[in-house]
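A short worksheet on the structure shown next.
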Amino acid sequence: MDYERTLSYLEQRGQEHLLKYYGELNEEERRILLEDIDHTNFSAVANLSLEQKKRGKLSPISAVTAEDIKRRYSQFESVGLDFLSQGKVAAVLLAGGQGSRLGFSGPKGMYNIGINRKLSIFEQQMNNIAEVNAITGRHFHIFIMTSRQNNDQTVKFFEENNYFGYPRDRIHFYIQDVAPTCDKNGKVFLDRKHRVSLAPNGNGGWYSSLVNSGLARILERDNIEWLNVYSVDNVLQRICDPIFIGATVLKRCRCGAKVVKKANPDEKVGVLCNEDGKPSIIEYYEMPDKLKNKTRKGELVYRYGVTLNYLFNIHDLNGTLVGKLPYHFAEKAIPHMEDGERVIPQEPCGYKLETLVVDMVKLMGSCLAFEVDREKEFAPVKNATGPDSVDTARELLIKNGVQL
Ligand code: UTP
């Protein structure tokens, strides 16, 4: 679009301030700015609503419990191994986040979780993967979603570490799509005089970004049927776990979620339950106190917290593509242009627009809650200290026999 058309396009959307510095820009900068504007999804901002979506009727979900798993272990395992041996499962690592709570400037996966030796989170997760591949004798594809901000550093880190012994042609990096950031009145921020402020579009962007990157052709080419999506921050994450795969397939579910029993009613994890009769994840801040604290026979009724380890059947994923996933407005401190200067606020000044993987579960229609032992599989590194921190994760790694 040229300047005139861009101006009228922006005026119709109340965003003409984005051309405020146009007169000061050189030819190249003008071209970049018009291109940025062309790629910006303004309709997402137009729906700026801070009202919390009203939830449907909630009821507890039944899970394949740890006891059920023990009983049917070999049956689940043999189906899972069969799928893995046939190459029908691949993994997707969500590594596009900004890890702001951890306060580490690089990609979170590069964080050194070791004490007496170097052990990055990436390496620790790759070690967990090696255990599964040793049984099946083949390497599944791993798709790694990065962001514009951390892609180069992440790719370089894998290269420098020789892909942690994994075959190079089985690891695929892709950059997550972006969404605009805006101030509290829905005005899109400029990051520089000639750049619109665009940030990763939330972890729900993993599938549409994979499709947009062109890598989905590998899924088709290799007849991959299931994707195991996992977060970068759980260092005890078991990836492409054959038992989980076998159970989800045998239970005929379109997706599966590894869940743990909540440590206490106030633990900050999303809860898998039923909403209007369909599996759905309710964020910890959305759960009414009455339900959150409800117990039966000494156990929480809404007890299954999600660990960000999901299996999705690919055939059903297309229904979750762009447009279907709602944007959430996350309040953040966002660097932006103000009166000709770039300011870096310390306090939240606007919103990042994020889609969430938890919203995909509801769209899938069916989801297996698969209970795992939190001491063995859930050690999230969210904060520098306190709960879900480097300290708690290290403690759990040591308990599981990992030398740090
Ligand atoms: P979090 O919700 O913990 O977000 O991500 P974060 O950005 O990493 O951390 P904070 O909130 O700033 O401290 C959960 C998982 O989703 C990925 C993260 O990399 C992590 O694996 N994620 C998050 C993305 O891949 N893209 C995003 O846009 C957001």
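Residue numbering restarts at 1 for every chain of the structure tokens, chains are lettered A, B, ... in their displayed order, and ligands are numbered from 1 as they appear.
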**Selection as a ChimeraX atom specification: residues within 10 Å of ligand 1 by only C-alpha atoms and all ligand atoms** = /A:92-104,107-109,144-147,175-179,199-206,229-234,307-309,330,332,352-357,380-384
**Prompt:** Skipping near chain neighbours, those fewer than 6 positions away, what residues fall within 8 Å of Pro60 (chain A) using only C-alpha atoms, listed as a list in words?
**Reply:** Cys273, Asn274, Val301 and Tyr302 of chain A
**Prompt:** Could you pull the residues within 8 Å of region 336-341 of chain A, counting only C-alpha atoms, minus those fewer than 4 positions along the same chain, as a PyMOL selection string?
**Reply:** chain A and resi 189-193+197
**Request:** Name the residues in contact with Leu396 (chain A) at a cut-off of 10 Å, using only C-alpha atoms, excluding same-chain residues fewer than 4 positions from it; report them as a ChimeraX atom specification.
**Result:** /A:235-236,374-380,391-392,400-402
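A straight line drawn from CA of Arg195 (chain A) to CA of Leu210 (chain A) is 24.5 Å long.
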**Message:** When you look at region 63-75 of chain A with a cut-off of 8 Å (counting only C-alpha atoms), what residues show up, excluding the ones that are within fewer than 5 positions of it in the same chain? I need them as an MDAnalysis selection string.
**Reply:** chainID A and resid 243 246 368:373
Residue subset to file, keeping all heavy atoms, as a PDB file, in the first residue's frame:
ATOM      1  N   ILE A 243       3.492 -44.296  26.764  1.00  0.00           N
ATOM      2  CA  ILE A 243       2.321 -44.654  27.583  1.00  0.00           C
ATOM      3  C   ILE A 243       1.198 -43.632  27.354  1.00  0.00           C
ATOM      4  O   ILE A 243       0.022 -43.985  27.194  1.00  0.00           O
ATOM      5  CB  ILE A 243       2.673 -44.687  29.104  1.00  0.00           C
ATOM      6  CG1 ILE A 243       4.079 -45.200  29.357  1.00  0.00           C
ATOM      7  CG2 ILE A 243       1.610 -45.437  29.901  1.00  0.00           C
ATOM      8  CD1 ILE A 243       4.329 -46.612  28.919  1.00  0.00           C
ATOM      9  N   GLY A 246      -0.186 -44.127  23.796  1.00  0.00           N
ATOM     10  CA  GLY A 246      -1.035 -45.330  23.729  1.00  0.00           C
ATOM     11  C   GLY A 246      -2.384 -45.091  24.392  1.00  0.00           C
ATOM     12  O   GLY A 246      -3.429 -45.468  23.855  1.00  0.00           O
ATOM     13  N   LEU A 368      -8.170 -36.410  26.694  1.00  0.00           N
ATOM     14  CA  LEU A 368      -7.882 -37.359  27.771  1.00  0.00           C
ATOM     15  C   LEU A 368      -7.036 -36.683  28.852  1.00  0.00           C
ATOM     16  O   LEU A 368      -5.976 -36.139  28.560  1.00  0.00           O
ATOM     17  CB  LEU A 368      -7.097 -38.561  27.218  1.00  0.00           C
ATOM     18  CG  LEU A 368      -6.750 -39.613  28.277  1.00  0.00           C
ATOM     19  CD1 LEU A 368      -7.992 -40.412  28.655  1.00  0.00           C
ATOM     20  CD2 LEU A 368      -5.653 -40.547  27.786  1.00  0.00           C
ATOM     21  N   ALA A 369      -7.544 -36.730  30.088  1.00  0.00           N
ATOM     22  CA  ALA A 369      -6.734 -36.252  31.211  1.00  0.00           C
ATOM     23  C   ALA A 369      -5.879 -37.437  31.653  1.00  0.00           C
ATOM     24  O   ALA A 369      -6.403 -38.480  32.031  1.00  0.00           O
ATOM     25  CB  ALA A 369      -7.641 -35.790  32.349  1.00  0.00           C
ATOM     26  N   PHE A 370      -4.569 -37.308  31.574  1.00  0.00           N
ATOM     27  CA  PHE A 370      -3.646 -38.401  31.827  1.00  0.00           C
ATOM     28  C   PHE A 370      -2.796 -38.005  33.037  1.00  0.00           C
ATOM     29  O   PHE A 370      -1.964 -37.096  32.955  1.00  0.00           O
ATOM     30  CB  PHE A 370      -2.786 -38.605  30.570  1.00  0.00           C
ATOM     31  CG  PHE A 370      -1.812 -39.733  30.630  1.00  0.00           C
ATOM     32  CD1 PHE A 370      -2.179 -41.017  30.239  1.00  0.00           C
ATOM     33  CD2 PHE A 370      -0.497 -39.512  31.050  1.00  0.00           C
ATOM     34  CE1 PHE A 370      -1.252 -42.060  30.280  1.00  0.00           C
ATOM     35  CE2 PHE A 370       0.425 -40.548  31.084  1.00  0.00           C
ATOM     36  CZ  PHE A 370       0.037 -41.825  30.699  1.00  0.00           C
ATOM     37  N   GLU A 371      -3.014 -38.692  34.148  1.00  0.00           N
ATOM     38  CA  GLU A 371      -2.384 -38.239  35.392  1.00  0.00           C
ATOM     39  C   GLU A 371      -0.953 -38.760  35.555  1.00  0.00           C
ATOM     40  O   GLU A 371      -0.719 -39.968  35.454  1.00  0.00           O
ATOM     41  CB  GLU A 371      -3.214 -38.709  36.600  1.00  0.00           C
ATOM     42  CG  GLU A 371      -2.727 -38.092  37.904  1.00  0.00           C
ATOM     43  CD  GLU A 371      -3.198 -38.839  39.141  1.00  0.00           C
ATOM     44  OE1 GLU A 371      -4.172 -39.620  39.059  1.00  0.00           O
ATOM     45  OE2 GLU A 371      -2.586 -38.651  40.199  1.00  0.00           O
ATOM     46  N   VAL A 372      -0.042 -37.833  35.785  1.00  0.00           N
ATOM     47  CA  VAL A 372       1.347 -38.247  36.021  1.00  0.00           C
ATOM     48  C   VAL A 372       1.796 -37.797  37.417  1.00  0.00           C
ATOM     49  O   VAL A 372       1.187 -36.911  38.017  1.00  0.00           O
ATOM     50  CB  VAL A 372       2.313 -37.685  34.945  1.00  0.00           C
ATOM     51  CG1 VAL A 372       1.962 -38.236  33.576  1.00  0.00           C
ATOM     52  CG2 VAL A 372       2.309 -36.158  34.919  1.00  0.00           C
ATOM     53  N   ASP A 373       2.861 -38.417  37.891  1.00  0.00           N
ATOM     54  CA  ASP A 373       3.385 -38.122  39.219  1.00  0.00           C
ATOM     55  C   ASP A 373       4.177 -36.815  39.158  1.00  0.00           C
ATOM     56  O   ASP A 373       5.187 -36.731  38.457  1.00  0.00           O
ATOM     57  CB  ASP A 373       4.292 -39.316  39.612  1.00  0.00           C
ATOM     58  CG  ASP A 373       4.890 -39.148  40.988  1.00  0.00           C
ATOM     59  OD1 ASP A 373       4.775 -38.042  41.560  1.00  0.00           O
ATOM     60  OD2 ASP A 373       5.474 -40.135  41.492  1.00  0.00           O
TER      61      ASP A 373
END
**Item:** Residues of region 164-388 of chain A in alpha helix (DSSP H), written as a VMD selection string
**Value:** chain A and resid 206 to 213 216 to 221 242 to 250 289 to 292 314 to 317 357 to 364 374 to 377
**Asked** When DSSP works through the backbone of this structure, what residues of region 155-384 of chain A end up as strand (DSSP E or B), shown as a count of residues only?
**Response** 81
Excluding same-chain residues fewer than 5 positions from Leu404 (chain A), what lies within 6 Å of it counting only C-alpha atoms, as a PDB file with C-alpha atoms, in the first residue's frame?
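What follows is the written file around-v7.pdb:
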ATOM      1  CA  GLY A 114      23.345 -27.162  36.461  1.00  0.00           C
ATOM      2  CA  ILE A 115      25.197 -26.446  39.696  1.00  0.00           C
ATOM      3  CA  ASN A 116      28.646 -28.064  39.402  1.00  0.00           C
TER       4      ASN A 116
END
